[in-house]
$ cat structure_25.cif   # mmCIF, C-alpha atoms
data_start
#
loop_
_atom_site.label_atom_id
_atom_site.label_comp_id
_atom_site.auth_asym_id
_atom_site.auth_seq_id
_atom_site.Cartn_x
_atom_site.Cartn_y
_atom_site.Cartn_z
CA MET C 426 151.70 102.44 31.21
CA ILE C 427 148.93 100.87 33.30
CA LEU C 428 145.24 101.72 32.95
CA GLY C 429 145.07 103.89 36.09
CA SER C 430 147.87 106.14 34.85
CA MET C 431 146.30 106.35 31.39
CA LEU C 432 143.00 107.47 32.92
CA PHE C 433 144.91 110.02 34.99
CA TRP C 434 146.40 111.59 31.84
CA LEU C 435 143.05 111.37 30.04
CA ALA C 436 141.51 113.37 32.91
CA PHE C 437 144.30 115.95 32.68
CA PHE C 438 143.85 116.16 28.89
CA LEU C 439 140.08 116.67 29.30
CA LEU C 440 140.65 119.44 31.86
CA VAL C 441 143.00 121.33 29.51
CA VAL C 442 140.57 120.85 26.59
CA GLY C 443 137.69 122.05 28.79
CA PHE C 444 139.52 125.21 29.85
CA SER C 445 140.59 125.81 26.22
CA PHE C 446 136.97 125.49 25.08
CA GLY C 447 136.07 127.98 27.80
CA ARG C 448 138.21 130.61 26.06
CA MET C 449 136.44 130.20 22.69
CA GLY C 450 133.80 132.57 21.36
CA PRO C 451 132.80 136.07 22.51
CA SER C 452 132.91 136.66 26.28
CA PHE C 453 129.12 136.57 26.69
CA SER C 454 128.75 133.34 24.73
CA ARG C 455 131.54 130.87 25.50
CA SER C 456 131.55 127.32 24.17
CA GLN C 457 128.80 125.22 25.75
CA PHE C 458 131.06 122.16 25.90
CA SER C 459 133.54 123.73 28.34
CA LEU C 460 131.82 122.99 31.66
CA PRO C 461 130.70 119.42 30.78
CA ILE C 462 134.23 118.50 29.66
CA ILE C 463 135.78 120.04 32.81
CA LEU C 464 133.21 118.13 34.88
CA ILE C 465 134.01 114.83 33.11
CA GLY C 466 137.76 115.44 33.61
CA THR C 467 137.28 116.20 37.32
CA LEU C 468 135.07 113.14 37.83
CA LEU C 469 137.63 110.98 36.07
CA PHE C 470 140.30 112.30 38.47
CA VAL C 471 138.14 111.67 41.53
CA LEU C 472 136.52 108.37 40.55
CA ASN C 473 139.61 106.69 39.09
CA ASN C 474 139.94 103.65 41.37
CA TYR C 475 142.49 101.77 39.28
CA PRO C 476 146.00 101.49 40.75
CA ILE C 477 148.34 104.26 39.58
CA GLU C 478 152.09 103.84 39.19
CA ASN C 479 154.84 106.41 39.57
CA PRO C 480 155.41 109.23 38.68
CA GLU C 481 151.63 109.90 38.52
CA ALA C 482 151.15 108.40 42.01
CA ASP C 483 153.42 111.09 43.52
CA LEU C 484 151.41 113.82 41.84
CA LEU C 485 148.14 112.26 42.99
CA ASN C 486 149.40 112.09 46.59
CA PHE C 487 150.30 115.76 46.37
CA LEU C 488 146.85 116.57 44.93
CA HIS C 489 145.21 114.83 47.90
CA SER C 490 146.83 117.33 50.25
CA PHE C 491 146.38 120.24 47.81
CA ALA C 492 142.72 119.84 46.79
CA PRO C 493 140.93 120.39 50.16
CA TRP C 494 142.29 123.85 50.93
CA PHE C 495 142.36 124.84 47.24
CA PHE C 496 138.65 124.21 46.61
CA VAL C 497 137.55 125.72 49.92
CA CYS C 498 139.71 128.81 49.31
CA SER C 499 138.50 129.17 45.70
CA LEU C 500 134.88 129.01 46.85
CA GLY C 501 135.69 131.64 49.48
CA PHE C 502 137.23 133.89 46.80
CA TYR C 503 134.11 133.56 44.66
CA LEU C 504 131.79 134.46 47.54
CA VAL C 505 133.94 137.41 48.66
CA LEU C 506 133.99 138.74 45.09
CA ARG C 507 130.19 138.44 44.93
CA GLY C 508 129.74 140.13 48.28
CA SER C 509 132.28 142.95 47.90
CA PRO C 510 130.97 146.50 47.57
CA ILE C 511 130.62 146.99 43.82
CA TYR C 512 128.54 150.08 43.03
CA TRP C 513 127.95 150.61 46.78
CA ARG C 514 125.97 147.38 47.14
CA VAL C 515 127.45 145.06 49.77
CA ARG C 516 126.13 141.51 50.13
CA TYR C 517 127.04 140.81 53.74
CA PRO C 518 126.01 137.10 53.86
CA GLU C 519 128.26 136.18 50.89
CA LEU C 520 131.07 138.39 52.16
CA THR C 521 130.99 136.89 55.65
CA ILE C 522 130.71 133.27 54.48
CA GLY C 523 133.48 133.91 51.94
CA TRP C 524 135.91 135.15 54.60
CA ILE C 525 134.97 132.26 56.92
CA LEU C 526 135.76 129.81 54.09
CA ILE C 527 139.09 131.53 53.37
CA SER C 528 139.98 131.29 57.07
CA LEU C 529 138.96 127.61 57.03
CA SER C 530 141.20 127.04 54.01
CA PHE C 531 144.17 128.31 56.09
CA TYR C 532 143.36 125.65 58.69
CA LEU C 533 143.13 122.94 56.00
CA TYR C 534 146.37 124.17 54.45
CA LEU C 535 148.27 123.95 57.74
CA LYS C 536 146.71 120.61 58.65
CA HIS C 537 146.96 118.66 55.37
CA TYR C 538 149.33 120.40 52.99
CA GLU C 539 152.90 119.16 52.62
CA LEU C 540 155.41 120.77 50.29
CA PRO C 541 157.29 118.28 48.09
CA GLU C 542 161.03 117.85 48.49
CA ASN C 543 163.20 120.29 46.47
CA PHE C 544 160.10 122.36 45.80
CA LEU C 545 162.10 125.56 45.33
CA LEU C 546 164.30 124.11 42.58
CA MET C 547 161.27 122.44 40.96
CA THR C 548 159.29 125.68 41.02
CA ILE C 549 162.08 127.82 39.59
CA PHE C 550 162.67 125.48 36.66
CA SER C 551 158.94 124.94 36.01
CA VAL C 552 158.25 128.67 35.94
CA LEU C 553 161.30 129.36 33.79
CA GLY C 554 160.26 126.59 31.37
CA ALA C 555 156.71 127.92 31.19
CA ILE C 556 157.93 131.50 30.54
CA VAL C 557 160.35 130.36 27.81
CA SER C 558 157.63 128.21 26.16
CA LEU C 559 155.13 131.07 26.24
CA PHE C 560 157.69 133.51 24.82
CA LEU C 561 158.55 131.06 22.04
CA PHE C 562 154.85 130.53 21.33
CA ILE C 563 154.32 134.30 20.99
CA LEU C 564 157.30 134.51 18.62
CA LEU C 565 155.99 131.61 16.52
CA VAL C 566 152.49 133.09 16.26
CA ARG C 567 153.99 136.47 15.35
CA PHE C 568 156.19 134.83 12.69
CA VAL C 569 153.20 132.99 11.18
CA GLU C 570 150.98 136.08 11.26
CA ASN C 571 153.68 138.21 9.60
CA ASN C 572 154.15 135.67 6.81
CA ILE C 573 150.51 135.42 5.81
CA PRO C 574 150.02 137.33 2.53
CA LEU C 575 147.43 140.09 2.59
CA GLU C 576 144.01 138.93 1.46
CA ASN C 577 141.63 140.71 -0.90
CA PRO C 578 139.27 143.28 0.63
CA ALA C 579 136.62 141.52 2.70
CA PRO C 580 133.18 141.13 1.07
CA GLU C 581 130.20 142.92 2.56
CA LEU C 582 128.73 141.39 5.72
CA THR C 583 125.93 138.88 5.24
CA ASP C 584 122.59 139.47 7.01
CA GLU C 585 123.51 136.81 9.57
CA GLU C 586 126.85 138.55 10.30
CA LYS C 587 125.13 141.94 10.54
CA ASP C 588 122.70 140.49 13.11
CA PHE C 589 125.61 139.03 15.04
CA VAL C 590 127.51 142.36 15.12
CA THR C 591 124.34 144.20 16.13
CA ARG C 592 123.80 141.71 18.95
CA ILE C 593 127.38 142.15 20.25
CA ILE C 594 127.11 145.96 20.20
CA SER C 595 123.65 145.87 21.80
CA ILE C 596 124.91 143.67 24.63
CA ASN C 597 128.00 145.86 25.14
CA ILE C 598 126.04 149.13 25.36
CA GLY C 599 123.30 147.53 27.46
CA VAL C 600 120.45 147.88 24.96
CA ASP C 601 118.07 144.98 24.45
CA ASP C 602 118.04 144.18 20.72
CA LYS C 603 114.74 142.25 20.84
CA MET H 695 157.18 120.52 28.30
CA LEU H 696 153.98 121.04 30.30
CA ALA H 697 153.48 124.52 28.85
CA ASN H 698 154.13 123.26 25.30
CA PHE H 699 151.69 120.37 25.75
CA SER H 700 149.03 122.68 27.15
CA LEU H 701 149.52 125.19 24.32
CA ILE H 702 149.30 122.44 21.67
CA ILE H 703 146.03 121.16 23.19
CA PHE H 704 144.76 124.75 23.43
CA GLN H 705 145.53 125.43 19.74
CA LEU H 706 143.91 122.19 18.60
CA SER H 707 140.78 122.59 20.70
CA SER H 708 140.26 126.26 19.83
CA ILE H 709 140.82 125.83 16.09
CA HIS H 710 138.77 128.03 13.76
CA PRO H 711 138.90 128.93 10.03
CA TYR H 712 141.33 131.82 10.57
CA SER H 713 143.82 130.10 12.89
CA LYS H 714 147.14 128.87 11.49
CA PRO H 715 148.42 126.49 14.15
CA THR H 716 150.54 124.18 11.94
CA ILE H 717 153.96 125.82 12.35
CA PRO H 718 153.67 126.50 16.12
CA ILE H 719 152.43 122.94 16.75
CA VAL H 720 155.21 121.36 14.67
CA VAL H 721 157.92 123.44 16.40
CA GLN H 722 156.46 122.80 19.85
CA SER H 723 156.25 119.04 19.14
CA ILE H 724 159.90 119.02 18.08
CA LEU H 725 160.82 120.90 21.28
CA ILE H 726 158.90 118.38 23.38
CA LEU H 727 160.78 115.51 21.69
CA ILE H 728 164.17 117.20 22.16
CA SER H 729 163.36 117.87 25.84
CA ALA H 730 162.19 114.27 26.31
CA PHE H 731 165.38 112.88 24.74
CA THR H 732 167.47 115.17 26.96
CA VAL H 733 165.61 114.17 30.14
CA ASN H 734 165.84 110.50 29.13
CA SER H 735 169.58 110.69 28.56
CA LEU H 736 170.18 112.51 31.87
CA ASN H 737 168.06 110.17 34.01
CA ASP H 738 169.04 106.50 34.09
CA ASP H 739 165.78 105.45 35.78
CA LEU H 740 163.71 106.42 32.75
CA GLU H 741 163.65 103.61 30.21
CA THR H 742 161.61 105.09 27.36
CA ILE H 743 160.81 108.49 25.86
CA ALA H 744 157.21 108.12 27.06
CA ASP H 745 158.51 107.70 30.63
CA ALA H 746 160.61 110.87 30.21
CA ILE H 747 157.55 112.81 29.01
CA ARG H 748 155.42 111.54 31.91
CA PHE H 749 158.15 112.35 34.43
CA SER H 750 158.62 115.88 33.02
CA LEU H 751 154.88 116.57 32.96
CA VAL H 752 154.51 115.49 36.59
CA GLU H 753 157.48 117.61 37.68
CA GLY H 754 156.08 120.59 35.75
CA LEU H 755 152.62 120.21 37.30
CA LEU H 756 154.10 119.92 40.79
CA GLY H 757 156.25 123.00 40.17
CA ILE H 758 153.25 125.06 39.07
CA LEU H 759 150.94 123.80 41.86
CA VAL H 760 153.52 124.64 44.52
CA ILE H 761 153.34 128.33 43.56
CA VAL H 762 149.54 128.47 43.91
CA PRO H 763 149.49 129.13 47.71
CA PHE H 764 151.77 132.16 47.24
CA LEU H 765 149.54 133.52 44.47
CA TYR H 766 146.52 132.96 46.71
CA ILE H 767 148.11 134.99 49.52
CA LEU H 768 148.50 137.86 47.04
CA THR H 769 144.87 137.45 45.93
CA ILE H 770 143.69 137.50 49.55
CA TYR H 771 145.41 140.88 50.01
CA PHE H 772 143.52 142.36 47.02
CA LEU H 773 140.23 140.77 48.14
CA PHE H 774 140.75 142.24 51.61
CA ARG H 775 141.14 145.69 50.07
CA ALA H 776 138.10 145.16 47.82
CA SER H 777 135.96 143.99 50.76
CA PHE H 778 136.50 147.06 52.91
CA ARG H 779 136.98 149.83 50.39
CA LYS H 780 134.83 152.94 50.55
CA ARG H 781 134.34 154.65 47.21
CA PRO H 782 133.12 158.24 46.81
CA PHE H 783 129.41 158.39 45.95
CA ASP H 784 128.57 159.06 42.33
CA ASP H 785 125.14 160.51 41.48
CA LEU H 786 125.28 158.98 38.01
CA LEU H 787 125.31 155.52 39.54
CA ASP H 788 122.70 156.24 42.19
CA SER H 789 121.08 152.89 42.93
CA SER H 790 117.90 154.38 44.45
CA GLU H 791 116.07 153.67 41.09
#
$ encode --input "structure_25.cif" --output "structure tokens"
Amino acid sequence: MILGSMLFWLAFFLLVVGFSFGRMGPSFSRSQFSLPIILIGTLLFVLNNYPIENPEADLLNFLHSFAPWFFVCSLGFYLVLRGSPIYWRVRYPELTIGWILISLSFYLYLKHYELPENFLLMTIFSVLGAIVSLFLFILLVRFVENNIPLENPAPELTDEEKDFVTRIISINIGVDDK
Amino acid sequence: MLANFSLIIFQLSSIHPYSKPTIPIVVQSILILISAFTVNSLNDDLETIADAIRFSLVEGLLGILVIVPFLYILTIYFLFRASFRKRPFDDLLDSSE
């Protein structure tokens, strides 16, 4: 495998690691490494100037037509969600710009996007494979969890753990614990 | 293969003292190898197992990315509803503060 293709897979690996890190920890305090790793992975994708061989080159060509409308549309989604009437407060600037961006993404989609050959067959098998893998993963985790012997009763919480639990409950019920 | 790879990376990068990822990772690695051998034996253009894994990952990524526009159309429908909905006023959430 040539260097360009290796960097391509390194970028993909970093993106998956970054998103995995983003799922760690309580919802109000996710891992701090998530965004930097995702950023490094994205930069590696974009700034990789080394020649890339097949099959990665095919995927990269597809990404070139996919990325423009995808990023514009995602930004539009974010702005529309921010501007939508939640608790009767509508943010019209965000809402309007969001819908303009979503409309623009339709234009980019029609102008640049090309579906790969045999996309239907590819999609069906990819989705089926992903569903089977996820199902198997759930079964494996369930098997492992069921085979772990019961542990002794947990010791009393330490002061640090008590503070942590208090902080979680305070945040959830909207009370400042300071 | 793509899903198994992603799940293995997810388990390794989100490891903590209470996680037991050994058995799932071993089984998933075996499945990846079996799939790679199968793809390699079915496709004459692929010379090595590494080539079969790369080919399968690319096909998997393309297959997943192709669905994204259809999912986005569905999301646009829900966003459209959320943008123009009118909810009954609730005194408990009066924002006049």
$ residues_around --input "structure_25.cif" --residues "H:Thr716" --least-positions-apart "6" --cutoff "10 Å" --atoms "only C-alpha atoms" --output "list in words"
Val569 of chain C; Ile702, Gln705, Leu706 and Gln722 of chain H
$ closest_atom_pairs --input "structure_25.cif" --of "chain C" --to "chain H" --cutoff "6 Å" --atoms "only C-alpha atoms" --output "tab-separated table"
residue	atom	partner	partner_atom	distance
C:Ser445	CA	H:Phe704	CA	5.1
C:Pro480	CA	H:Phe749	CA	5.9
C:Ser509	CA	H:Ser777	CA	4.8
C:Met547	CA	H:Gly757	CA	5.1
C:Thr548	CA	H:Gly757	CA	4.1
C:Ser551	CA	H:Gly754	CA	5.2
C:Ala555	CA	H:Ala697	CA	5.2
C:Leu565	CA	H:Pro718	CA	5.6
$ atom_distance --input "structure_25.cif" --atom1 "atom CA of C:Ala492" --atom2 "atom CA of C:Tyr532"
13.3 Å
$ atom_distance --input "structure_25.cif" --atom1 "atom CA of C:Ile477" --atom2 "atom CA of C:Ser430"
5.1 Å
$ atom_distance --input "structure_25.cif" --atom1 "atom CA of C:Glu539" --atom2 "atom CA of H:Asp739"
25.2 Å
$ closest_residue --input "structure_25.cif" --among "C:Ile573, C:Leu500, C:Ile549, C:Leu472" --to "C:Ile525" --atoms "only C-alpha atoms"
C:Leu500
$ residues_around --input "structure_25.cif" --residues "H:Asn734" --least-positions-apart "6" --cutoff "7 Å" --atoms "all atoms listed in the file" --output "PyMOL selection string"
chain H and resi 740+743+746
$ residues_around --input "structure_25.cif" --residues "C:Leu460" --least-positions-apart "3" --cutoff "8 Å" --atoms "only C-alpha atoms" --output "PDB file with C-alpha atoms, in the coordinates of the input"
ATOM      1  CA  GLY C 443     137.690 122.050  28.790  1.00  0.00           C
ATOM      2  CA  GLY C 447     136.070 127.980  27.800  1.00  0.00           C
ATOM      3  CA  GLN C 457     128.800 125.220  25.750  1.00  0.00           C
ATOM      4  CA  ILE C 463     135.780 120.040  32.810  1.00  0.00           C
ATOM      5  CA  LEU C 464     133.210 118.130  34.880  1.00  0.00           C
TER       6      LEU C 464
END
$ closest_residue --input "structure_25.cif" --among "C:Phe491, C:Phe433, C:Phe458, C:Phe438" --to "C:Asn479" --atoms "only C-alpha atoms"
C:Phe433
$ residues_around --input "structure_25.cif" --residues "C:Phe502" --least-positions-apart "4" --cutoff "12 Å" --atoms "all atoms listed in the file" --output "ChimeraX atom specification"
/C:494-498,506-509,519-528,530 /H:766-774,776-777
